[in-house]
file query.txt (compact mmCIF, C-alpha atoms and all ligand atoms)
# COMPACT_ATOMS: atom_id res chain seq x y z
CA MET A 1 99.25 97.04 148.35
CA LEU A 2 98.45 100.75 148.34
CA ARG A 3 98.54 102.31 144.89
CA LEU A 4 98.79 106.09 144.83
CA ILE A 5 97.83 107.53 141.48
CA ILE A 6 98.44 111.19 140.71
CA ALA A 7 95.88 112.12 138.03
CA ASP A 8 95.85 114.90 135.43
CA ALA A 9 99.31 115.95 136.63
CA GLU A 10 100.60 119.25 135.31
CA LEU A 11 103.74 117.54 134.06
CA GLN A 12 104.57 118.01 130.38
CA THR A 13 107.32 119.20 128.08
CA VAL A 14 107.10 122.64 126.44
CA PRO A 15 104.29 122.41 123.84
CA GLU A 16 105.41 122.85 120.19
CA LYS A 17 103.57 126.16 119.82
CA MET A 18 105.50 127.64 122.76
CA ALA A 19 108.89 126.19 121.83
CA LYS A 20 109.57 128.81 119.15
CA ASP A 21 108.92 131.75 121.50
CA ARG A 22 112.01 133.92 122.07
CA SER A 23 111.85 133.71 125.88
CA ILE A 24 111.66 129.89 125.80
CA ARG A 25 114.55 129.71 123.30
CA ASN A 26 116.60 131.94 125.62
CA ILE A 27 116.04 129.58 128.57
CA ALA A 28 116.92 126.61 126.35
CA GLU A 29 120.13 128.23 125.07
CA LYS A 30 121.23 129.14 128.59
CA ASN A 31 120.73 125.52 129.72
CA HIS A 32 122.05 123.92 126.50
CA LYS A 33 118.72 122.18 125.92
CA ASN A 34 116.30 121.69 123.03
CA PRO A 35 113.31 124.03 123.78
CA ALA A 36 110.67 121.37 123.04
CA GLU A 37 112.43 118.82 125.26
CA MET A 38 112.41 121.02 128.39
CA LEU A 39 109.80 120.51 131.09
CA LEU A 40 107.14 123.20 131.12
CA ASP A 41 107.73 125.05 134.39
CA SER A 42 105.55 127.96 135.41
CA ASN A 43 108.10 129.00 138.05
CA TYR A 44 110.11 130.63 135.27
CA MET A 45 107.88 130.38 132.16
CA HIS A 46 104.82 131.98 133.73
CA THR A 47 104.46 134.94 131.33
CA THR A 48 104.93 132.79 128.24
CA ILE A 49 102.41 130.20 129.50
CA GLU A 50 99.91 133.04 130.03
CA LYS A 51 100.61 134.30 126.49
CA PHE A 52 99.87 130.91 124.86
CA TYR A 53 97.31 129.60 127.38
CA PRO A 54 95.48 132.66 128.77
CA GLY A 55 94.16 132.07 132.29
CA GLU A 56 96.10 128.81 132.74
CA SER A 57 99.49 130.07 133.92
CA ASN A 58 98.70 129.33 137.57
CA ARG A 59 97.82 125.74 136.76
CA ARG A 60 100.01 124.48 133.91
CA GLY A 61 103.66 123.56 134.29
CA ARG A 62 104.01 122.34 137.90
CA PRO A 63 106.68 119.62 137.91
CA ASP A 64 107.77 121.01 141.31
CA ILE A 65 104.66 119.70 143.09
CA ILE A 66 105.11 116.25 141.55
CA TYR A 67 108.75 116.33 142.69
CA ILE A 68 107.85 117.09 146.33
CA PHE A 69 105.13 114.42 146.33
CA LEU A 70 107.45 111.76 144.87
CA GLU A 71 110.28 112.55 147.31
CA MET A 72 107.82 112.06 150.19
CA ALA A 73 106.26 108.87 148.79
CA MET A 74 109.42 107.07 147.68
CA GLU A 75 111.10 107.70 151.05
CA SER A 76 108.11 106.50 153.10
CA ILE A 77 108.32 103.52 155.44
CA LEU A 78 105.51 101.96 153.39
CA ASN A 79 107.61 102.09 150.23
CA LYS A 80 110.65 100.71 152.02
CA ASN A 81 108.43 97.71 152.91
CA ASN A 82 107.43 97.19 149.24
CA MET A 83 103.79 97.97 150.00
CA LEU A 84 103.44 101.09 147.83
CA ASP A 85 103.07 101.47 144.09
CA VAL A 86 103.11 104.98 142.58
CA TYR A 87 101.83 106.15 139.20
CA VAL A 88 101.63 109.63 137.69
CA HIS A 89 99.07 110.23 134.94
CA THR A 90 99.74 113.46 133.03
CA ARG A 91 97.34 115.97 131.47
CA ASP A 92 98.44 114.73 128.02
CA ASN A 93 97.55 111.13 128.90
CA PHE A 94 100.88 109.54 129.63
CA ILE A 95 101.13 107.16 132.57
CA ILE A 96 104.43 107.07 134.42
CA HIS A 97 105.26 104.18 136.73
CA ILE A 98 107.93 104.67 139.37
CA ASN A 99 109.60 101.41 140.36
CA ASN A 100 109.58 101.29 144.16
CA GLN A 101 113.37 100.74 144.23
CA THR A 102 113.93 104.10 142.51
CA LYS A 103 116.11 106.57 144.43
CA LEU A 104 115.02 109.92 143.10
CA PRO A 105 117.55 112.74 142.87
CA ARG A 106 117.47 115.00 145.91
CA SER A 107 117.89 118.18 143.88
CA TYR A 108 115.02 119.64 141.87
CA ASN A 109 117.34 120.46 138.92
CA ARG A 110 118.41 116.85 138.63
CA PHE A 111 114.79 115.68 138.93
CA GLN A 112 113.92 118.00 136.02
CA GLY A 113 116.73 116.46 133.96
CA LEU A 114 115.53 112.95 134.82
CA MET A 115 111.94 113.72 133.76
CA GLU A 116 113.13 115.33 130.51
CA ASP A 117 115.10 112.19 129.79
CA LEU A 118 112.02 110.06 130.53
CA PHE A 119 109.80 112.10 128.18
CA LYS A 120 112.44 111.57 125.45
CA LYS A 121 113.26 107.87 125.99
CA ARG A 122 110.02 106.65 127.68
CA SER A 123 112.10 104.43 129.94
CA ILE A 124 114.95 104.93 132.42
CA GLU A 125 117.05 101.94 133.37
CA TYR A 126 119.84 101.46 135.85
CA ASN A 127 121.89 98.26 136.16
CA GLY A 128 119.35 96.39 134.00
CA ASN A 129 116.35 97.48 136.14
CA GLU A 130 113.64 99.73 134.73
CA LEU A 131 113.30 102.52 137.28
CA LEU A 132 110.84 104.74 135.42
CA SER A 133 108.56 103.91 132.52
CA MET A 134 106.10 105.98 130.56
CA GLU A 135 103.27 104.82 128.30
CA GLU A 136 100.35 106.53 126.61
CA GLY A 137 97.09 105.88 128.44
CA LYS A 138 93.93 107.49 129.74
CA ILE A 139 93.28 107.43 133.46
CA ILE A 140 89.76 105.91 133.58
CA PRO A 141 90.52 102.66 131.69
CA PHE A 142 93.82 102.44 133.56
CA LEU A 143 92.05 102.65 136.94
CA LYS A 144 89.29 100.25 135.89
CA ASN A 145 91.95 97.68 135.05
CA LEU A 146 93.52 97.76 138.50
CA ASP A 147 92.64 95.21 141.19
CA GLY A 148 91.14 96.50 144.43
CA LYS A 149 88.96 99.38 145.50
CA THR A 150 89.46 102.82 143.89
CA VAL A 151 88.71 106.14 145.60
CA VAL A 152 89.27 109.71 144.47
CA LEU A 153 90.32 112.46 146.88
CA SER A 154 88.87 115.90 146.39
CA PRO A 155 88.19 118.95 148.57
CA ASP A 156 84.66 118.80 147.10
CA GLY A 157 84.11 115.12 147.87
CA LYS A 158 81.99 113.53 150.60
CA GLU A 159 83.40 114.28 154.03
CA SER A 160 85.05 111.18 155.48
CA SER A 161 87.49 110.16 158.18
CA LEU A 162 90.76 108.63 156.98
CA SER A 163 89.76 105.33 158.59
CA GLY A 164 86.53 105.40 156.56
CA ILE A 165 88.56 105.53 153.34
CA ILE A 166 91.54 103.35 154.22
CA ASN A 167 89.73 100.11 155.06
CA ASP A 168 90.96 97.69 152.42
CA ASN A 169 94.37 96.06 151.88
CA ASP A 170 94.11 96.35 148.11
CA LEU A 171 93.46 100.03 147.60
CA ASN A 172 93.91 102.60 144.81
CA VAL A 173 93.84 106.25 145.90
CA VAL A 174 93.68 109.01 143.29
CA ILE A 175 95.05 112.49 144.05
CA GLY A 176 94.93 115.44 141.62
CA GLY A 177 98.36 116.43 140.25
CA PHE A 178 97.59 120.15 140.05
CA SER A 179 97.58 123.09 142.42
CA GLN A 180 94.53 124.88 141.01
CA GLY A 181 91.27 123.93 139.33
CA ASP A 182 89.80 120.45 139.22
CA PHE A 183 90.30 117.09 137.47
CA ILE A 184 90.12 117.26 133.65
CA SER A 185 89.31 113.54 133.42
CA ASP A 186 85.84 112.33 134.46
CA LEU A 187 86.93 110.80 137.76
CA TYR A 188 83.82 111.87 139.69
CA GLY A 189 81.59 110.12 137.14
CA ASN A 190 83.39 106.83 137.69
CA PHE A 191 84.56 106.56 141.30
CA PRO A 192 83.46 107.77 144.75
CA SER A 193 85.23 110.93 145.93
CA TYR A 194 86.10 111.95 149.49
CA LYS A 195 87.25 115.02 151.34
CA ILE A 196 89.68 114.30 154.18
CA PHE A 197 89.97 117.80 155.70
CA ARG A 198 87.91 120.99 155.72
CA GLU A 199 90.63 122.96 153.86
CA GLU A 200 92.37 122.35 150.56
CA LEU A 201 95.73 120.63 151.13
CA THR A 202 98.87 120.18 149.02
CA ILE A 203 99.23 116.91 147.14
CA TRP A 204 102.18 115.86 149.28
CA SER A 205 100.38 116.42 152.56
CA VAL A 206 97.34 114.47 151.26
CA GLY A 207 99.70 111.68 150.10
CA MET A 208 101.51 111.68 153.45
CA GLU A 209 98.22 111.33 155.41
CA ILE A 210 97.07 108.43 153.20
CA ILE A 211 100.39 106.60 153.45
CA SER A 212 100.55 107.13 157.18
CA GLN A 213 96.96 105.89 157.72
CA TYR A 214 97.58 102.83 155.52
CA GLU A 215 100.76 102.00 157.51
CA ARG A 216 98.59 101.88 160.64
CA PHE A 217 95.65 100.07 159.00
CA THR A 218 98.01 97.27 157.93
CA SER A 219 99.77 97.35 161.36
CA LEU A 220 103.09 98.10 159.68
CA LEU A 221 103.37 100.88 162.26
CA GLY A 222 101.60 101.08 165.61
C1 LIG A 301 95.83 121.34 145.77
S1 LIG A 301 94.56 120.26 145.35
C2 LIG A 301 93.89 120.89 143.90
C3 LIG A 301 92.96 121.95 144.20
C4 LIG A 301 91.67 121.96 143.49
N1 LIG A 301 91.00 123.19 143.77
C5 LIG A 301 90.71 120.82 143.73
O1 LIG A 301 89.55 121.12 143.93
O2 LIG A 301 91.08 119.65 143.66
C6 LIG A 301 95.30 118.85 144.69
C7 LIG A 301 94.67 117.57 145.07
O3 LIG A 301 94.87 117.31 146.45
C8 LIG A 301 93.78 116.56 146.95
N2 LIG A 301 93.19 117.35 148.05
C9 LIG A 301 93.52 118.59 148.46
N3 LIG A 301 92.82 118.96 149.55
C10 LIG A 301 92.01 117.91 149.85
C11 LIG A 301 91.05 117.67 150.86
N4 LIG A 301 90.78 118.58 151.80
N5 LIG A 301 90.41 116.48 150.87
C12 LIG A 301 90.67 115.53 149.94
N6 LIG A 301 91.58 115.70 148.94
C13 LIG A 301 92.25 116.88 148.90
C14 LIG A 301 92.82 116.33 145.81
O4 LIG A 301 93.08 115.07 145.25
C15 LIG A 301 93.18 117.46 144.86
O5 LIG A 301 92.85 117.15 143.53

call {"tool": "encode", "arguments": {"input": "query.txt", "output": "structure tokens", "more": "lines below"}}
Ligand SMILES: C[S@@+](CC[C@H](N)C(=O)[O-])C[C@H]1O[C@@H](n2cnc3c(N)ncnc32)[C@H](O)[C@@H]1O
result
Amino acid sequence: MLRLIIADAELQTVPEKMAKDRSIRNIAEKNHKNPAEMLLDSNYMHTTIEKFYPGESNRRGRPDIIYIFLEMAMESILNKNNMLDVYVHTRDNFIIHINNQTKLPRSYNRFQGLMEDLFKKRSIEYNGNELLSMEEGKIIPFLKNLDGKTVVLSPDGKESSLSGIINDNDLNVVIGGFSQGDFISDLYGNFPSYKIFREELTIWSVGMEIISQYERFTSLLG
């Protein structure tokens, strides 16, 4: 089993202190939503994020990158063979598990709605199956509790070939769920970290390379 764990993901609802801001209330009214139940999204809340979190508007509020990563992972051949398990740990220490049978919405708007529902209910079921679940939890104890080898991917890690990292059937690979900055949690102090390419990559292209290498390591694909 390959477990892909997105850590410190910039996935959260609008923080209380921002929810009363006029611009956030306008977006909420237009979309018939409760301001504090909307996902924080820097694509259209950038100025307000900068006002409440100076210097963080390019990092906070990136559900879009999680969406692209999840679309790629859930549709992979590895997942269709029940050999992939995906978790998303958020900056506020929630851990989301995506059941491998989950068919995510194709549209970003519907994905947003699904995540908002998850943050509210902590569980999404369909036909008696739990598709998405969300629990409070910090990433380090969560990772230490998993079976298998755990590695962290980072553009500042030790240079390694993919085959040097993907060499175990029972493997946990951690990818940062942000587009700027570094891990907030102390991952480097607890697990080895590796760089897979000389340049910084997007989380979905890193995820795609890992999945693809694991499919070959396990001879699922030739
Ligand atoms: C866009 S990067 C975040 C950028 C950030 N400056 C950093 O240093 O991690 C998001 C995540 O993708 C993974 N990543 C990106 N480029 C990588 C590379 N060349 N080697 C290994 N992991 C990489 C890491 O897990 C990283 O946390």

call {"tool": "residues_near_ligand", "arguments": {"input": "query.txt", "ligand": "ligand LIG 301 (chain A)", "cutoff": "7 Å", "atoms": "only C-alpha atoms and all ligand atoms", "output": "tab-separated table (two decimals) with C-alpha atoms, keeping the file's coordinate frame"}}
result
chain	number	residue	atom	x	y	z
A	152	VAL	CA	89.27	109.71	144.47
A	153	LEU	CA	90.32	112.46	146.88
A	154	SER	CA	88.87	115.90	146.39
A	155	PRO	CA	88.19	118.95	148.57
A	156	ASP	CA	84.66	118.80	147.10
A	157	GLY	CA	84.11	115.12	147.87
A	174	VAL	CA	93.68	109.01	143.29
A	175	ILE	CA	95.05	112.49	144.05
A	176	GLY	CA	94.93	115.44	141.62
A	177	GLY	CA	98.36	116.43	140.25
A	178	PHE	CA	97.59	120.15	140.05
A	179	SER	CA	97.58	123.09	142.42
A	180	GLN	CA	94.53	124.88	141.01
A	181	GLY	CA	91.27	123.93	139.33
A	182	ASP	CA	89.80	120.45	139.22
A	183	PHE	CA	90.30	117.09	137.47
A	194	TYR	CA	86.10	111.95	149.49
A	195	LYS	CA	87.25	115.02	151.34
A	196	ILE	CA	89.68	114.30	154.18
A	197	PHE	CA	89.97	117.80	155.70
A	198	ARG	CA	87.91	120.99	155.72
A	199	GLU	CA	90.63	122.96	153.86
A	200	GLU	CA	92.37	122.35	150.56
A	201	LEU	CA	95.73	120.63	151.13
A	202	THR	CA	98.87	120.18	149.02
A	203	ILE	CA	99.23	116.91	147.14
A	206	VAL	CA	97.34	114.47	151.26

call {"tool": "residues_around", "arguments": {"input": "query.txt", "residues": "Thr102 (chain A)", "least_positions_apart": "4", "cutoff": "8 Å", "atoms": "only C-alpha atoms", "output": "MDAnalysis selection string"}}
result
chainID A and resid 74 98 131:132

call {"tool": "residues_around", "arguments": {"input": "query.txt", "residues": "Ser219 (chain A)", "least_positions_apart": "4", "cutoff": "12 Å", "atoms": "all atoms listed in the file", "output": "ChimeraX atom specification"}}
result
/A:78,169,212-215

call {"tool": "atom_distance", "arguments": {"input": "query.txt", "atom1": "CA of Gly55 (chain A)", "atom2": "CA of Tyr87 (chain A)"}}
result
27.9 Å

call {"tool": "closest_atom_pairs", "arguments": {"input": "query.txt", "of": "region 106-140 of chain A", "to": "region 34-37 of chain A", "cutoff": "8 Å", "atoms": "all atoms listed in the file", "output": "CSV"}}
result
residue,atom,partner,partner_atom,distance
A:Glu116,CA,A:Glu37,CA,6.3
A:Phe119,CA,A:Glu37,CA,7.8
A:Lys120,CA,A:Glu37,CA,7.3

call {"tool": "closest_residue", "arguments": {"input": "query.txt", "among": "A:Asn81, A:Asn43, A:Ser161, A:Asn172", "to": "Lys149 (chain A)", "atoms": "only C-alpha atoms"}}
result
A:Asn172

call {"tool": "residues_around", "arguments": {"input": "query.txt", "residues": "region 144-147 of chain A", "least_positions_apart": "3", "cutoff": "10 Å", "atoms": "all atoms listed in the file", "output": "list of chain:residue names"}}
result
A:Met1, A:Arg3, A:Ile139, A:Ile140, A:Pro141, A:Thr150, A:Asp170, A:Leu171, A:Asn172, A:Asn190, A:Phe191

call {"tool": "axis_aligned_box", "arguments": {"input": "query.txt", "around": "region 167-181 of chain A", "padding_each_side": "6 Å", "output": "JSON"}}
result
{"center_x": 94.0, "center_y": 110.5, "center_z": 147.2, "size_x": 20.6, "size_y": 40.8, "size_z": 27.7}

call {"tool": "atom_distance", "arguments": {"input": "query.txt", "atom1": "CA of Val151 (chain A)", "atom2": "CA of Ile95 (chain A)"}}
result
18.0 Å

call {"tool": "atom_distance", "arguments": {"input": "query.txt", "atom1": "CA of Glu29 (chain A)", "atom2": "CA of Glu10 (chain A)"}}
result
23.8 Å

call {"tool": "residues_around", "arguments": {"input": "query.txt", "residues": "Lys138 (chain A)", "least_positions_apart": "4", "cutoff": "9 Å", "atoms": "only C-alpha atoms", "output": "ChimeraX atom specification"}}
result
/A:89-90,92-95,142-143,185

call {"tool": "closest_residue", "arguments": {"input": "query.txt", "among": "A:Leu11, A:Val88, A:Ile24, A:Leu104", "to": "Glu75 (chain A)", "atoms": "all atoms listed in the file"}}
result
A:Leu104

call {"tool": "closest_residue", "arguments": {"input": "query.txt", "among": "A:Lys121, A:Arg106, A:Lys17, A:Lys80", "to": "Ile68 (chain A)", "atoms": "all atoms listed in the file"}}
result
A:Arg106

call {"tool": "closest_residue", "arguments": {"input": "query.txt", "among": "A:Phe52, A:Gly164, A:Ile211, A:Arg25", "to": "Asn79 (chain A)", "atoms": "all atoms listed in the file"}}
result
A:Ile211

call {"tool": "build_atoms", "arguments": {"input": "query.txt", "residues": "region 121-138 of chain A", "atoms": "N, CA and C atoms", "output": "PDB file, keeping the file's coordinate frame"}}
result
ATOM      1  N   LYS A 121     112.958 109.307 126.211  1.00  0.00           N
ATOM      2  CA  LYS A 121     113.260 107.870 125.990  1.00  0.00           C
ATOM      3  C   LYS A 121     112.125 106.939 126.395  1.00  0.00           C
ATOM      4  N   ARG A 122     111.162 107.430 127.176  1.00  0.00           N
ATOM      5  CA  ARG A 122     110.020 106.650 127.680  1.00  0.00           C
ATOM      6  C   ARG A 122     110.416 105.564 128.684  1.00  0.00           C
ATOM      7  N   SER A 123     111.687 105.435 128.960  1.00  0.00           N
ATOM      8  CA  SER A 123     112.100 104.430 129.940  1.00  0.00           C
ATOM      9  C   SER A 123     113.473 104.817 130.490  1.00  0.00           C
ATOM     10  N   ILE A 124     113.645 104.664 131.807  1.00  0.00           N
ATOM     11  CA  ILE A 124     114.950 104.930 132.420  1.00  0.00           C
ATOM     12  C   ILE A 124     115.375 103.666 133.143  1.00  0.00           C
ATOM     13  N   GLU A 125     116.544 103.168 132.738  1.00  0.00           N
ATOM     14  CA  GLU A 125     117.050 101.940 133.370  1.00  0.00           C
ATOM     15  C   GLU A 125     118.322 102.210 134.130  1.00  0.00           C
ATOM     16  N   TYR A 126     118.565 101.390 135.142  1.00  0.00           N
ATOM     17  CA  TYR A 126     119.840 101.460 135.850  1.00  0.00           C
ATOM     18  C   TYR A 126     120.213 100.038 136.242  1.00  0.00           C
ATOM     19  N   ASN A 127     121.414  99.629 135.873  1.00  0.00           N
ATOM     20  CA  ASN A 127     121.890  98.260 136.160  1.00  0.00           C
ATOM     21  C   ASN A 127     120.891  97.197 135.715  1.00  0.00           C
ATOM     22  N   GLY A 128     120.275  97.387 134.545  1.00  0.00           N
ATOM     23  CA  GLY A 128     119.350  96.390 134.000  1.00  0.00           C
ATOM     24  C   GLY A 128     117.952  96.443 134.602  1.00  0.00           C
ATOM     25  N   ASN A 129     117.699  97.360 135.565  1.00  0.00           N
ATOM     26  CA  ASN A 129     116.350  97.480 136.140  1.00  0.00           C
ATOM     27  C   ASN A 129     115.660  98.712 135.569  1.00  0.00           C
ATOM     28  N   GLU A 130     114.390  98.565 135.193  1.00  0.00           N
ATOM     29  CA  GLU A 130     113.640  99.730 134.730  1.00  0.00           C
ATOM     30  C   GLU A 130     113.146 100.514 135.950  1.00  0.00           C
ATOM     31  N   LEU A 131     113.661 101.715 136.110  1.00  0.00           N
ATOM     32  CA  LEU A 131     113.300 102.520 137.280  1.00  0.00           C
ATOM     33  C   LEU A 131     112.059 103.359 137.019  1.00  0.00           C
ATOM     34  N   LEU A 132     111.990 103.918 135.793  1.00  0.00           N
ATOM     35  CA  LEU A 132     110.840 104.740 135.420  1.00  0.00           C
ATOM     36  C   LEU A 132     110.395 104.317 134.041  1.00  0.00           C
ATOM     37  N   SER A 133     109.069 104.222 133.860  1.00  0.00           N
ATOM     38  CA  SER A 133     108.560 103.910 132.520  1.00  0.00           C
ATOM     39  C   SER A 133     107.387 104.816 132.231  1.00  0.00           C
ATOM     40  N   MET A 134     107.150 105.045 130.937  1.00  0.00           N
ATOM     41  CA  MET A 134     106.100 105.980 130.560  1.00  0.00           C
ATOM     42  C   MET A 134     105.385 105.448 129.323  1.00  0.00           C
ATOM     43  N   GLU A 135     104.065 105.329 129.424  1.00  0.00           N
ATOM     44  CA  GLU A 135     103.270 104.820 128.300  1.00  0.00           C
ATOM     45  C   GLU A 135     102.090 105.729 128.076  1.00  0.00           C
ATOM     46  N   GLU A 136     101.569 105.755 126.843  1.00  0.00           N
ATOM     47  CA  GLU A 136     100.350 106.530 126.610  1.00  0.00           C
ATOM     48  C   GLU A 136      99.183 105.797 127.260  1.00  0.00           C
ATOM     49  N   GLY A 137      98.258 106.538 127.845  1.00  0.00           N
ATOM     50  CA  GLY A 137      97.090 105.880 128.440  1.00  0.00           C
ATOM     51  C   GLY A 137      96.195 106.862 129.160  1.00  0.00           C
ATOM     52  N   LYS A 138      94.890 106.640 129.032  1.00  0.00           N
ATOM     53  CA  LYS A 138      93.930 107.490 129.740  1.00  0.00           C
ATOM     54  C   LYS A 138      93.702 106.926 131.139  1.00  0.00           C
TER      55      LYS A 138
END
